[in-house]
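A.B. asks: For reference, this is structure_6.cif, and it has mmCIF, C-alpha atoms.
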data_coords
loop_
_atom_site.group_PDB
_atom_site.id
_atom_site.type_symbol
_atom_site.label_atom_id
_atom_site.label_comp_id
_atom_site.auth_asym_id
_atom_site.auth_seq_id
_atom_site.Cartn_x
_atom_site.Cartn_y
_atom_site.Cartn_z
ATOM 1 C CA MET A 1055 4.529 29.276 -1.222
ATOM 2 C CA SER A 1056 2.564 26.515 -2.962
ATOM 3 C CA ALA A 1057 -0.998 27.037 -4.104
ATOM 4 C CA LYS A 1058 -3.740 25.648 -1.889
ATOM 5 C CA LYS A 1059 -5.552 22.674 -3.341
ATOM 6 C CA LYS A 1060 -8.957 21.234 -2.655
ATOM 7 C CA ASP A 1061 -9.682 17.520 -2.637
ATOM 8 C CA ASN A 1062 -11.926 15.779 -5.177
ATOM 9 C CA LYS A 1063 -15.008 16.786 -3.134
ATOM 10 C CA ASN A 1064 -13.995 20.462 -3.173
ATOM 11 C CA ARG A 1065 -12.922 20.498 0.504
ATOM 12 C CA TRP A 1066 -9.899 22.218 1.976
ATOM 13 C CA ARG A 1067 -7.543 19.877 3.756
ATOM 14 C CA ASN A 1068 -6.066 22.190 6.330
ATOM 15 C CA LYS A 1069 -5.934 19.922 9.409
ATOM 16 C CA THR A 1070 -2.714 18.141 10.319
ATOM 17 C CA VAL A 1071 -2.860 14.722 11.966
ATOM 18 C CA THR A 1072 0.306 13.109 13.292
ATOM 19 C CA PHE A 1073 1.037 9.930 15.206
ATOM 20 C CA ARG A 1074 3.951 7.684 16.073
ATOM 21 C CA MET A 1075 4.668 4.194 14.775
ATOM 22 C CA SER A 1076 7.288 1.578 15.440
ATOM 23 C CA PRO A 1077 9.844 1.012 12.650
ATOM 24 C CA GLU A 1078 8.148 -2.315 11.869
ATOM 25 C CA GLU A 1079 4.708 -0.706 11.610
ATOM 26 C CA ALA A 1080 6.084 2.088 9.420
ATOM 27 C CA LYS A 1081 7.754 -0.432 7.105
ATOM 28 C CA LYS A 1082 4.491 -2.367 6.775
ATOM 29 C CA LEU A 1083 2.516 0.826 6.106
ATOM 30 C CA ASP A 1084 5.035 1.929 3.477
ATOM 31 C CA SER A 1085 4.669 -1.447 1.728
ATOM 32 C CA TYR A 1086 0.874 -1.170 1.691
ATOM 33 C CA VAL A 1087 1.059 2.380 0.343
ATOM 34 C CA ARG A 1088 3.455 1.350 -2.450
ATOM 35 C CA ILE A 1089 1.208 -1.583 -3.371
ATOM 36 C CA SER A 1090 -1.859 0.675 -3.514
ATOM 37 C CA GLY A 1091 -0.233 3.200 -5.844
ATOM 38 C CA LEU A 1092 -1.782 6.029 -3.802
ATOM 39 C CA GLN A 1093 -0.076 8.797 -1.911
ATOM 40 C CA LYS A 1094 0.335 7.971 1.771
ATOM 41 C CA GLN A 1095 -2.167 10.675 2.769
ATOM 42 C CA GLU A 1096 -4.845 9.307 0.434
ATOM 43 C CA TYR A 1097 -4.212 5.730 1.537
ATOM 44 C CA LEU A 1098 -4.464 6.604 5.232
ATOM 45 C CA ILE A 1099 -7.638 8.660 4.776
ATOM 46 C CA HIS A 1100 -9.336 5.792 2.916
ATOM 47 C CA ARG A 1101 -8.283 3.260 5.539
ATOM 48 C CA VAL A 1102 -9.217 5.392 8.558
ATOM 49 C CA LEU A 1103 -12.633 6.202 7.102
ATOM 50 C CA GLN A 1104 -13.058 2.503 6.228
ATOM 51 C CA GLU A 1105 -13.450 3.280 2.555
ATOM 52 C CA GLU A 1106 -12.402 0.813 -0.108
ATOM 53 C CA VAL A 1107 -8.915 1.439 -1.429
ATOM 54 C CA THR A 1108 -9.205 1.209 -5.209
ATOM 55 C CA VAL A 1109 -6.012 0.426 -7.074
ATOM 56 C CA ARG A 1110 -5.891 1.616 -10.657
ATOM 57 C CA ALA A 1111 -3.879 -0.574 -12.999
ATOM 58 C CA SER A 1112 -1.070 1.456 -14.507
ATOM 59 C CA PRO A 1113 2.566 0.910 -15.465
ATOM 60 C CA ARG A 1114 3.556 2.617 -12.193
ATOM 61 C CA THR A 1115 1.353 0.269 -10.152
ATOM 62 C CA TYR A 1116 2.753 -2.805 -11.888
ATOM 63 C CA LYS A 1117 6.291 -1.546 -11.270
ATOM 64 C CA MET A 1118 5.552 -1.038 -7.559
ATOM 65 C CA LEU A 1119 4.023 -4.513 -7.317
ATOM 66 C CA ARG A 1120 7.037 -6.008 -9.088
ATOM 67 C CA ASN A 1121 9.394 -4.256 -6.680
ATOM 68 C CA GLU A 1122 7.401 -5.435 -3.666
ATOM 69 C CA LEU A 1123 7.380 -8.998 -4.992
ATOM 70 C CA GLU A 1124 11.163 -8.830 -5.440
ATOM 71 C CA SER A 1125 11.473 -7.750 -1.793
ATOM 72 C CA VAL A 1126 9.205 -10.605 -0.718
ATOM 73 C CA LEU A 1127 11.233 -13.100 -2.760
ATOM 74 C CA LYS A 1128 14.497 -11.919 -1.176
ATOM 75 C CA GLU A 1129 12.988 -12.231 2.287
ATOM 76 C CA LEU A 1130 11.631 -15.711 1.538
ATOM 77 C CA GLN A 1131 15.032 -16.800 0.247
ATOM 78 C CA ARG A 1132 16.635 -15.417 3.404
ATOM 79 C CA ILE A 1133 14.306 -17.354 5.690
ATOM 80 C CA GLU A 1134 14.195 -20.481 3.536
ATOM 81 C CA ASN A 1135 15.640 -22.642 6.309
ATOM 82 C CA LYS A 1136 13.337 -21.316 9.027
ATOM 83 C CA GLU A 1137 10.059 -23.001 9.867
ATOM 84 C CA ALA A 1138 7.802 -19.940 9.683
ATOM 85 C CA ALA A 1139 7.828 -16.640 7.860
ATOM 86 C CA ASP A 1140 7.570 -13.325 9.681
ATOM 87 C CA ARG A 1141 3.944 -12.260 10.335
ATOM 88 C CA ASP A 1142 4.516 -8.861 8.691
ATOM 89 C CA LEU A 1143 5.846 -10.554 5.553
ATOM 90 C CA LEU A 1144 2.758 -12.746 5.359
ATOM 91 C CA ASP A 1145 0.558 -9.655 5.715
ATOM 92 C CA VAL A 1146 2.394 -7.966 2.820
ATOM 93 C CA ILE A 1147 1.969 -11.100 0.676
ATOM 94 C CA ARG A 1148 -1.778 -11.103 1.438
ATOM 95 C CA GLN A 1149 -2.032 -7.405 0.526
ATOM 96 C CA ILE A 1150 -0.228 -8.000 -2.786
ATOM 97 C CA ASN A 1151 -2.577 -10.910 -3.486
ATOM 98 C CA ARG A 1152 -5.687 -8.790 -2.777
ATOM 99 C CA THR A 1153 -4.348 -6.019 -5.004
ATOM 100 C CA LEU A 1154 -3.538 -8.316 -7.915
ATOM 101 C CA TYR A 1155 -6.883 -10.098 -7.562
ATOM 102 C CA GLY A 1156 -8.721 -6.751 -7.612
ATOM 103 C CA MET A 1157 -6.786 -5.616 -10.681
ATOM 104 C CA LYS A 1158 -7.694 -8.886 -12.428
ATOM 105 C CA GLU A 1159 -11.395 -8.298 -11.700
ATOM 106 C CA ASP A 1160 -11.144 -4.783 -13.167
ATOM 107 C CA ALA A 1161 -9.471 -6.144 -16.305
ATOM 108 C CA ASP A 1162 -12.198 -8.789 -16.749
ATOM 109 C CA GLU A 1163 -14.986 -6.189 -16.729
#
Rewrite the coordinates I just gave you, this time as structure tokens.
C.D. replies:
Amino acid sequence: MSAKKKDNKNRWRNKTVTFRMSPEEAKKLDSYVRISGLQKQEYLIHRVLQEEVTVRASPRTYKMLRNELESVLKELQRIENKEAADRDLLDVIRQINRTLYGMKEDADE
């Protein structure tokens, strides 16, 4: 059995919260989690409690962003002849933009 861990505020996390999502919602959530560089649990807790999600620049984060941008590029190439992009794709592009902009601000400080 694994050792029990406390969070960064020395609290036990012993409550389980579950919910259902559509495949589209789950895909969007997974993209946001990858972009953030956080574990899904940490990302969801920050978002639910309306806390700022802080992305730390690291090689892993840059790799995740690169992979997400490659996925976006493939999707854009696929829909090149359509008039409008999928709403979920636009949301992912906005999230990548916010993340990169935030990382730039951290680097400038």
A.B. asks: Identify the residues within 12 Å of coordinate (2.3, -12.2, 0.5) (same frame as the file), considering all atoms listed in the file, and give the answer as a VMD selection string.
C.D. replies: chain A and resid 1082 1085 to 1086 1089 1119 1122 to 1127 1129 to 1130 1139 to 1154
A.B. asks: With all atoms listed in the file as the basis for distance, which of A:Thr1115, A:Asn1062, A:Gln1131, A:Asn1068 is at the shortest distance from A:Ser1090?
C.D. replies: A:Thr1115
A.B. asks: Pick out the closest residue to A:Thr1072 from this set: A:Leu1098, A:Leu1092, A:Met1157, A:Val1087. Count all atoms listed in the file.
C.D. replies: A:Leu1098
A.B. asks: So how many Å separate atom CA of A:Glu1106 and atom CA of A:Glu1078, to one decimal?
C.D. replies: 24.0 Å
A.B. asks: For atom CA of A:Lys1128 and atom CA of A:Arg1088, quote the distance in Å rounded to one decimal.
C.D. replies: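 Atom-to-atom, atom CA of A:Lys1128 and atom CA of A:Arg1088 are spaced 17.3 Å apart.
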A.B. asks: Atoms are missing here; could stretch 1123-1149 of chain A be completed with N, CA and C atoms and written as an mmCIF file, in the coordinates of the input?
C.D. replies:
data_model
loop_
_atom_site.group_PDB
_atom_site.id
_atom_site.type_symbol
_atom_site.label_atom_id
_atom_site.label_comp_id
_atom_site.auth_asym_id
_atom_site.auth_seq_id
_atom_site.Cartn_x
_atom_site.Cartn_y
_atom_site.Cartn_z
ATOM 1 N N LEU A 1123 7.214 -7.552 -4.857
ATOM 2 C CA LEU A 1123 7.380 -8.998 -4.992
ATOM 3 C C LEU A 1123 8.850 -9.391 -4.953
ATOM 4 N N GLU A 1124 9.723 -8.567 -5.521
ATOM 5 C CA GLU A 1124 11.163 -8.830 -5.440
ATOM 6 C C GLU A 1124 11.624 -8.789 -3.988
ATOM 7 N N SER A 1125 11.123 -7.832 -3.218
ATOM 8 C CA SER A 1125 11.473 -7.750 -1.793
ATOM 9 C C SER A 1125 10.981 -8.984 -1.041
ATOM 10 N N VAL A 1126 9.764 -9.418 -1.361
ATOM 11 C CA VAL A 1126 9.205 -10.605 -0.718
ATOM 12 C C VAL A 1126 10.043 -11.829 -1.066
ATOM 13 N N LEU A 1127 10.416 -11.964 -2.332
ATOM 14 C CA LEU A 1127 11.233 -13.100 -2.760
ATOM 15 C C LEU A 1127 12.568 -13.128 -2.020
ATOM 16 N N LYS A 1128 13.221 -11.982 -1.903
ATOM 17 C CA LYS A 1128 14.497 -11.919 -1.176
ATOM 18 C C LYS A 1128 14.318 -12.340 0.275
ATOM 19 N N GLU A 1129 13.237 -11.876 0.887
ATOM 20 C CA GLU A 1129 12.988 -12.231 2.287
ATOM 21 C C GLU A 1129 12.695 -13.720 2.423
ATOM 22 N N LEU A 1130 11.925 -14.277 1.496
ATOM 23 C CA LEU A 1130 11.631 -15.711 1.538
ATOM 24 C C LEU A 1130 12.898 -16.536 1.342
ATOM 25 N N GLN A 1131 13.772 -16.094 0.445
ATOM 26 C CA GLN A 1131 15.032 -16.800 0.247
ATOM 27 C C GLN A 1131 15.897 -16.721 1.499
ATOM 28 N N ARG A 1132 15.845 -15.593 2.183
ATOM 29 C CA ARG A 1132 16.635 -15.417 3.404
ATOM 30 C C ARG A 1132 16.153 -16.348 4.514
ATOM 31 N N ILE A 1133 14.854 -16.536 4.606
ATOM 32 C CA ILE A 1133 14.306 -17.354 5.690
ATOM 33 C C ILE A 1133 13.997 -18.778 5.241
ATOM 34 N N GLU A 1134 14.509 -19.175 4.117
ATOM 35 C CA GLU A 1134 14.195 -20.481 3.536
ATOM 36 C C GLU A 1134 14.373 -21.626 4.533
ATOM 37 N N ASN A 1135 15.361 -21.558 5.378
ATOM 38 C CA ASN A 1135 15.640 -22.642 6.309
ATOM 39 C C ASN A 1135 14.875 -22.535 7.621
ATOM 40 N N LYS A 1136 14.140 -21.456 7.812
ATOM 41 C CA LYS A 1136 13.337 -21.316 9.027
ATOM 42 C C LYS A 1136 11.997 -22.018 8.836
ATOM 43 N N GLU A 1137 11.341 -22.311 9.955
ATOM 44 C CA GLU A 1137 10.059 -23.001 9.867
ATOM 45 C C GLU A 1137 8.908 -22.085 9.479
ATOM 46 N N ALA A 1138 8.932 -20.836 9.928
ATOM 47 C CA ALA A 1138 7.802 -19.940 9.683
ATOM 48 C C ALA A 1138 8.289 -18.575 9.211
ATOM 49 N N ALA A 1139 7.512 -17.983 8.352
ATOM 50 C CA ALA A 1139 7.828 -16.640 7.860
ATOM 51 C C ALA A 1139 7.362 -15.609 8.884
ATOM 52 N N ASP A 1140 7.938 -14.441 8.821
ATOM 53 C CA ASP A 1140 7.570 -13.325 9.681
ATOM 54 C C ASP A 1140 6.114 -12.934 9.421
ATOM 55 N N ARG A 1141 5.372 -12.623 10.462
ATOM 56 C CA ARG A 1141 3.944 -12.260 10.335
ATOM 57 C C ARG A 1141 3.752 -11.050 9.420
ATOM 58 N N ASP A 1142 4.630 -10.050 9.538
ATOM 59 C CA ASP A 1142 4.516 -8.861 8.691
ATOM 60 C C ASP A 1142 4.704 -9.213 7.223
ATOM 61 N N LEU A 1143 5.622 -10.127 6.935
ATOM 62 C CA LEU A 1143 5.846 -10.554 5.553
ATOM 63 C C LEU A 1143 4.597 -11.235 5.000
ATOM 64 N N LEU A 1144 3.988 -12.078 5.802
ATOM 65 C CA LEU A 1144 2.758 -12.746 5.359
ATOM 66 C C LEU A 1144 1.644 -11.736 5.101
ATOM 67 N N ASP A 1145 1.558 -10.706 5.929
ATOM 68 C CA ASP A 1145 0.558 -9.655 5.715
ATOM 69 C C ASP A 1145 0.801 -8.919 4.400
ATOM 70 N N VAL A 1146 2.064 -8.640 4.083
ATOM 71 C CA VAL A 1146 2.394 -7.966 2.820
ATOM 72 C C VAL A 1146 2.034 -8.861 1.641
ATOM 73 N N ILE A 1147 2.318 -10.158 1.749
ATOM 74 C CA ILE A 1147 1.969 -11.100 0.676
ATOM 75 C C ILE A 1147 0.454 -11.117 0.469
ATOM 76 N N ARG A 1148 -0.312 -11.131 1.554
ATOM 77 C CA ARG A 1148 -1.778 -11.103 1.438
ATOM 78 C C ARG A 1148 -2.256 -9.816 0.763
ATOM 79 N N GLN A 1149 -1.644 -8.691 1.121
ATOM 80 C CA GLN A 1149 -2.032 -7.405 0.526
ATOM 81 C C GLN A 1149 -1.725 -7.390 -0.970
#
